[in-house]
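Q: If you scroll down you'll find the structure; I have some questions about it.
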Amino acid sequence: MNAVDALDPSRPQSAGGLARNRLPARIERCVGRRRGTRPGPTLLVVGAIHGNEPAGVLAAIRLLERLEADGVELRGELVCLAGNLRALRLGRRYVDRDLNRLWTEASLAALPARLAGDPDAEDHEQAELRDAIEHALREARGPVYALDLHTTSAAGFAFALYGDTLRQRSFAKHFPLPAILGLEEQVDGVLVEWLGRLGATTLCIEAGQHDDPVSVDNLVACLTVALAAAGLVEPERLPGHAAALAHLEAGRGGLPRVMEVLHRHPVSPSDGFVMEPGFANIARVRAGQLLARTRDGEIRAPRDGLLFLPLYQAQGSDGFFLGREVGRWRLRASKWLRRAGLDRTLPWLPGVRRTGRGDALALSPRAARIYPQELFTTFGYRRRRERPGHIELSRRPAG
Ligand SMILES: [Zn+2]
């Protein structure tokens with residue numbers, strides 16, 4: 001039994017425990033789809049782009065079964081895809097390369113040549129997944145929303161992350177999950193970045209630990225909320241919708257609704273980095289609190305705030321992230337400022353100029369030191385990359 005079902009008395013409690021969380025013997029790229037007779041939005045769901053994270057596929061299967069059993073009529077279409085099938089069969093994150101780092105324009109442009117040469121497992125996966133997504137987009141009869149479903153090795157809170165545009169914020173607002181802004185921007189080539197370039201409104205969900213049945217429950221709840229949030233069905237016509245909201249709200253454990261990353265602590269193997277034990281994936285920290293030790297000494301929190309994703313495994317280049325809550329007034333203020341188009345004045349600042357790319361700014365090293373980070377994050381510029389001679393700040397296209 002799971003919490004969502006338990007809160008919904010109309011639902012028969014049949015298959016329980018582990019059996020319901022076992023993958024079927026054969027999984028296709030398209031896990032399932034449900035196309036309404038009436039036109040409307042498309043909700044695209046991708047699970048297991050990391051093959052050791054089957055929870056997203058399991059949640060999609062459970063959702064599709066429920067919709068069928070309850071005879072729910074949708075507007076538009078729900079399309080559920082499996083991300084990395086070859087890795088999923090092996091129960092590994094990936095076979096040759098991380099499929100969730102390959103969606104840059106350069107890497108997509110290089111794909112045909114790789115396929116014609118000596119392709120690896122992820123070249124095939126990427127081509128097949130790209131084709132399935134492009135097919136779904138061609139068939140779409142309205143706006144496209146995409147959910148990318150993940151789980152983590154460590155236990156902790158389920159949370160959402162998304163590129164900071166107003167359109168994405170207003171979609172994410174429907175989910176009573178803690179959301180972390182500025183985390184998606186820490187890595188390049190993630191699937192949602194490409195989907196965003198194609199015009200989709202996206203949301204990534206980290207639902208809990210890989211093999212915890214609660215992670216699947218969390219994802220079923222997210223998918224249920226997403227169907228209504230994207231406008232495929234009215235909430236009152238969707239059995240389990242209120243229970244799904246209650247389930248996610250209960251799992252939030254008093255954490256703020258919106259948080260932001262302000263600092264990444266990078267680590268390399270030679271640092272001898274050891275995280276202090278006992279931090280959850282999202283944790284409140286006090287100024288001066290001991291966070292980690294390295295060969296060079298102790299690392300303490302510079303101020304009160306939030307710590308995200310502490311590194312407790314041997315491999316990885318992110319030691320932890322530090323950030324803070326984004327209060328309601330600050331969200332509102334940044335919305336007004338963006339609507340007023342004040343971001344157009346940023347390149348007027350000394351040391352700041354536009355780059356050739358649409359949603360990117362180049363800052364001189366001095367400007368990057370002097371101007372407060374907030375000046376740029378207010379307008380969604382959260383991706384920061386060192387380039388020769390300048391710092392590049394970029395954001396998702398506003399759409
Ligand atoms: Zn993942």
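Quick note on naming: the chains in the structure tokens go A, B, ... in the order shown, residues restart at 1 in each chain, and ligands are numbered from 1 in order of appearance.
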Write out as a PyMOL selection string each polymer residue (protein, DNA or RNA) that has an atom no more than 10 Å from ligand 1, with only C-alpha atoms and all ligand atoms counted.
A: chain A and resi 47-54+56+93+98-100+148-153+204-207+210
Q: What is the distance between atom CA of Ile180 of chain A and atom CA of Phe159 of chain A, in Å to one decimal?
A: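 Computing the Euclidean distance for atom CA of Ile180 of chain A and atom CA of Phe159 of chain A yields 7.4 Å.
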Q: For Leu262 of chain A, which of A:Leu307, A:Leu342, A:Leu44, A:Ala60 is the closest residue, counting only C-alpha atoms?
A: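 Ranking A:Leu307, A:Leu342, A:Leu44, A:Ala60 by distance to Leu262 of chain A, first place goes to A:Leu307.
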Q: Hey, what's within 6 Å of segment 347-354 of chain A if we count only C-alpha atoms and toss same-chain stuff fewer than 4 positions away? As a ChimeraX atom specification, please?
A: /A:361-364,367
Q: Kindly export the residues of the current selection with C-alpha atoms, as an mmCIF file, in the first residue's frame.
A:
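Everything below was put into out-v6.cif:
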data_model
loop_
_atom_site.group_PDB
_atom_site.id
_atom_site.type_symbol
_atom_site.label_atom_id
_atom_site.label_comp_id
_atom_site.auth_asym_id
_atom_site.auth_seq_id
_atom_site.Cartn_x
_atom_site.Cartn_y
_atom_site.Cartn_z
ATOM 1 C CA LEU A 361 25.816 37.987 -21.050
ATOM 2 C CA ALA A 362 29.587 38.350 -20.928
ATOM 3 C CA LEU A 363 31.037 39.936 -17.788
ATOM 4 C CA SER A 364 34.588 41.180 -17.380
ATOM 5 C CA ALA A 367 32.403 43.173 -13.196
#
Q: Extract, using only C-alpha atoms, all DNA, RNA and protein residues at most 7 Å from Asn281 of chain A, discarding same-chain residues fewer than 6 positions from it, and format them as a VMD selection string.
A: chain A and resid 156 to 157 308 to 310
